[in-house]
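Trainee: Sharing a structure here in structure tokens format.
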Amino acid sequence: MSTGSTKVEAVSAPKILGMKKKGEKIVCLTAYDYTSALIADRSNVDLILVGDSVGNVIQGLSTTLPVSLDAMVYHTQIASRGVARALLVADMPFGSYQVSVSQAVESAIRLMKAGAQAVKLEGAYVEQVQAIVAAGIPVMGHVGMTPQSVHQFGGFRVQGKGVKGEAVLKAAEALQQAGAFSVVLELIPSELSKTITEALEIPTIGIGAGNHCDGQVQVFHDLLGINEFHFKHVRRYAELGESMHIAISQYAQDVRSGAFPTEVESF
Ligand code: KIV
């Protein structure tokens with residue numbers, strides 16, 4: 001029966017896998033709330049990631065380590081209300097999957113109940129990935145510069161240079177073998193991304209990993225120029241932070257001078 005409303009074909013994990021086979025590039029953007037998710041979804045991105053980068057861009061933290069599972073559940077809930085088409089992936093935060101396989105499955109289930117359609121975790125936690133997949137939950141892997149391991153890496157720096165690239169390739173292959181439907185490659189040399197992308201059947205989604213990946217992911221606030229950081233791997237498609245500053249300053253000036261509100265803006 002037709003409802004008369006416009007139907008949107010929702011993106012699924014199998015569809016993301018199929019996009020690699022068809023040679024279609026995959027577009028992923030982070031979002032952390034209803035409004036940002038709605039804007040991303042209406043802009044036709046394929047994947048919306050409720051990233052634990054919420055810690056950096058929303059909570060003002062310098063690392064993602066303090067981000068809690070409760071916070072990820074909350075942000076997944078509010079972002080999910082804005083999503084009609086894209087596949088909504090929720091990040092599993094630090095400490096929500098490393099302890100045990102059962103902890104990982106329980107955490108993933110909480111995120112799915114909050115509205116996620118897939119989860120992402122960092123590193124080659126093969127047993128955890130296998131168990132989450134066995135519970136019917138699509139898993140996205142994440143290798144290279146995995147921010148939850150920043151202290152082990154000694155800072156946010158490019159990983160997998162030279163012979164160290166082999167370990168990143170092996171981790172990505174292990175995640176594929178465990179059942180992941182895609183894998184994020186973060187801050188690794190472009191040539192290594194090429195090797196990994198060619199070696200895997202599942203799509204690679206890059207951030208700071210060059211142009212050979214099957215797709216790209218960017219952080220909402222970086223892409224739109226809302227924050228003050230300028231990273232080499234980010235293209236700022238707008239300078240909304242500056243536009244917001246100008247608009248709010250003008251508002252403040254108008255309130256102080258009495259220019260806002262006018263009769264037209266009053267009842
Ligand atoms: O948390 C995040 O935003 C991420 C992406 C950068 C891949 O993990």
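How things are named: the first chain in the structure tokens is A, the next is B, and so on; residues count from 1 in each chain; ligands count from 1 in the order shown.
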Show me which residues sit within 10 Å of ligand 1 when counting only C-alpha atoms and all ligand atoms, and put them as JSON, numbers by chain.

Mentor: {"A": [28, 29, 30, 31, 32, 48, 49, 50, 51, 52, 53, 54, 55, 56, 57, 64, 90, 91, 92, 93, 120, 121, 122, 141, 142, 143, 145, 146, 147, 148, 183, 184, 185, 186, 187, 205, 206, 207, 208, 216, 217, 218, 219, 220]}

Trainee: For the residues in the current selection, export C-alpha atoms as a CSV table (one decimal), in the first residue's frame.

Mentor:
chain,number,residue,atom,x,y,z
A,28,CYS,CA,30.9,9.3,5.7
A,29,LEU,CA,30.5,12.3,8.1
A,30,THR,CA,30.3,12.5,11.9
A,31,ALA,CA,27.3,13.9,13.6
A,32,TYR,CA,26.4,14.1,17.3
A,48,ILE,CA,26.8,9.0,9.7
A,49,LEU,CA,29.2,8.2,12.5
A,50,VAL,CA,28.4,9.2,16.0
A,51,GLY,CA,32.1,9.4,16.7
A,52,ASP,CA,33.7,9.5,20.1
A,53,SER,CA,35.3,12.6,18.7
A,54,VAL,CA,32.2,14.0,20.4
A,55,GLY,CA,34.7,14.3,23.3
A,56,ASN,CA,36.9,16.7,21.3
A,57,VAL,CA,34.4,18.8,19.4
A,64,THR,CA,38.6,10.7,23.5
A,90,ALA,CA,28.0,4.5,16.8
A,91,ASP,CA,31.5,4.5,18.2
A,92,MET,CA,32.3,2.2,21.1
A,93,PRO,CA,34.2,4.4,23.6
A,120,LYS,CA,32.7,0.9,15.4
A,121,LEU,CA,35.6,-0.1,17.6
A,122,GLU,CA,39.3,0.6,17.4
A,141,GLY,CA,36.8,-1.6,12.3
A,142,HIS,CA,39.4,1.2,12.8
A,143,VAL,CA,43.1,0.9,12.3
A,145,MET,CA,46.1,6.1,14.2
A,146,THR,CA,43.4,4.9,16.7
A,147,PRO,CA,42.9,7.9,19.0
A,148,GLN,CA,42.0,5.8,22.0
A,183,VAL,CA,37.3,-0.5,8.2
A,184,VAL,CA,38.4,3.1,8.9
A,185,LEU,CA,42.0,3.8,8.0
A,186,GLU,CA,43.2,6.9,10.0
A,187,LEU,CA,46.4,8.8,9.5
A,205,ILE,CA,37.0,4.5,4.8
A,206,GLY,CA,39.9,6.9,5.1
A,207,ILE,CA,40.7,10.0,7.2
A,208,GLY,CA,44.1,11.4,6.6
A,216,GLN,CA,36.3,9.1,3.2
A,217,VAL,CA,35.2,10.2,6.6
A,218,GLN,CA,35.5,13.7,8.1
A,219,VAL,CA,34.5,15.3,11.4
A,220,PHE,CA,31.4,17.6,11.0

Trainee: Would you return as a ChimeraX atom specification the members of segment 38-242 of chain A that DSSP assigns to helix (DSSP H, G or I) on this structure's backbone?

Mentor: /A:38-42,54-57,69-80,101-113,126-134,147-153,162-178,190-199,220-223,240-242

Trainee: Got a sec: who's within 8 Å of Ser193 of chain A, counting only C-alpha atoms, leaving out chain neighbours fewer than 4 positions off, as a ChimeraX atom specification?

Mentor: /A:185,188-189,197,206,209-210,212-213

Trainee: Counting only C-alpha atoms, which residue out of A:Ala10, A:Ser102, A:Gly82, A:Ala238 sits closest to Asp41 of chain A?

Mentor: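 Checking each of A:Ala10, A:Ser102, A:Gly82, A:Ala238 against Asp41 of chain A, counting only C-alpha atoms, the winner is A:Gly82.
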
Trainee: Excluding segment 242-249 of chain A and any residue of its chain fewer than 3 positions from it, enumerate the residues within 12 Å of it, using only C-alpha atoms, and give them as an NGL selection string.

Mentor: :A and (224-228 or 238-239 or 252-256)

Trainee: Would you put the residues from that selection into a file with C-alpha atoms, as a PDB file, in the first residue's frame?

Mentor:
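This went into again.pdb:
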ATOM      1  CA  LEU A 224      32.388  23.113   8.175  1.00  0.00           C
ATOM      2  CA  GLY A 225      35.138  25.202   9.766  1.00  0.00           C
ATOM      3  CA  ILE A 226      33.322  25.468  13.087  1.00  0.00           C
ATOM      4  CA  ASN A 227      36.351  24.738  15.216  1.00  0.00           C
ATOM      5  CA  GLU A 228      39.704  26.465  15.400  1.00  0.00           C
ATOM      6  CA  ALA A 238      33.004  26.493   4.869  1.00  0.00           C
ATOM      7  CA  GLU A 239      34.061  28.848   7.645  1.00  0.00           C
ATOM      8  CA  ALA A 252      24.588  41.376  20.629  1.00  0.00           C
ATOM      9  CA  GLN A 253      25.132  44.816  19.090  1.00  0.00           C
ATOM     10  CA  ASP A 254      21.461  45.038  18.008  1.00  0.00           C
ATOM     11  CA  VAL A 255      20.144  44.069  21.446  1.00  0.00           C
ATOM     12  CA  ARG A 256      22.415  46.605  23.129  1.00  0.00           C
TER      13      ARG A 256
END

Trainee: In segment 26-242 of chain A, what's strand (DSSP E) per DSSP? Answer as a PyMOL selection string?

Mentor: chain A and resi 26-30+47-50+87-91+118-120+139-144+182-186+204-207+215-218

Trainee: Between A:Val150, A:Leu38, A:Leu61, A:Ala180, single out the one closest to Glu127 of chain A, counting only C-alpha atoms.

Mentor: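 Checking each of A:Val150, A:Leu38, A:Leu61, A:Ala180 against Glu127 of chain A, counting only C-alpha atoms, the winner is A:Ala180.
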
Trainee: Rank nothing, just name the residue among A:Val83, A:Val45, A:Ala13, A:Met19 nearest to Gly179 of chain A, using only C-alpha atoms.

Mentor: A:Ala13

Trainee: So how far away is atom CA of Ile109 of chain A from atom CA of Gly136 of chain A, in Å?

Mentor: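 Rounded to one decimal, the two atoms are 9.7 Å apart.
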
Trainee: Of the candidates A:Val119, A:Ile39, A:Val67, A:Val101, which one gets nearest to Arg81 of chain A if we count only C-alpha atoms?

Mentor: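 Smallest separation from Arg81 of chain A among the options: A:Ile39.
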
Trainee: As JSON, numbers by chain, please: the residues near Val234 of chain A (cut-off 7 Å, only C-alpha atoms, same-chain neighbours under 3 positions excluded).

Mentor: {"A": [222, 223, 231]}

Trainee: Go ahead and save the residues from that selection, with N, CA, C and O atoms, as a PDB file, in the first residue's frame.

Mentor:
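Result file part_29.pdb:
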ATOM      1  N   ASP A 222      35.095  19.984  11.661  1.00  0.00           N
ATOM      2  CA  ASP A 222      36.295  20.278  10.853  1.00  0.00           C
ATOM      3  C   ASP A 222      35.880  20.706   9.453  1.00  0.00           C
ATOM      4  O   ASP A 222      36.332  21.732   8.934  1.00  0.00           O
ATOM      5  N   LEU A 223      35.018  19.892   8.841  1.00  0.00           N
ATOM      6  CA  LEU A 223      34.590  20.109   7.451  1.00  0.00           C
ATOM      7  C   LEU A 223      33.923  21.473   7.275  1.00  0.00           C
ATOM      8  O   LEU A 223      34.093  22.139   6.249  1.00  0.00           O
ATOM      9  N   PHE A 231      43.784  21.034  10.428  1.00  0.00           N
ATOM     10  CA  PHE A 231      44.552  19.811  10.225  1.00  0.00           C
ATOM     11  C   PHE A 231      44.860  19.632   8.742  1.00  0.00           C
ATOM     12  O   PHE A 231      44.029  19.965   7.892  1.00  0.00           O
TER      13      PHE A 231
END
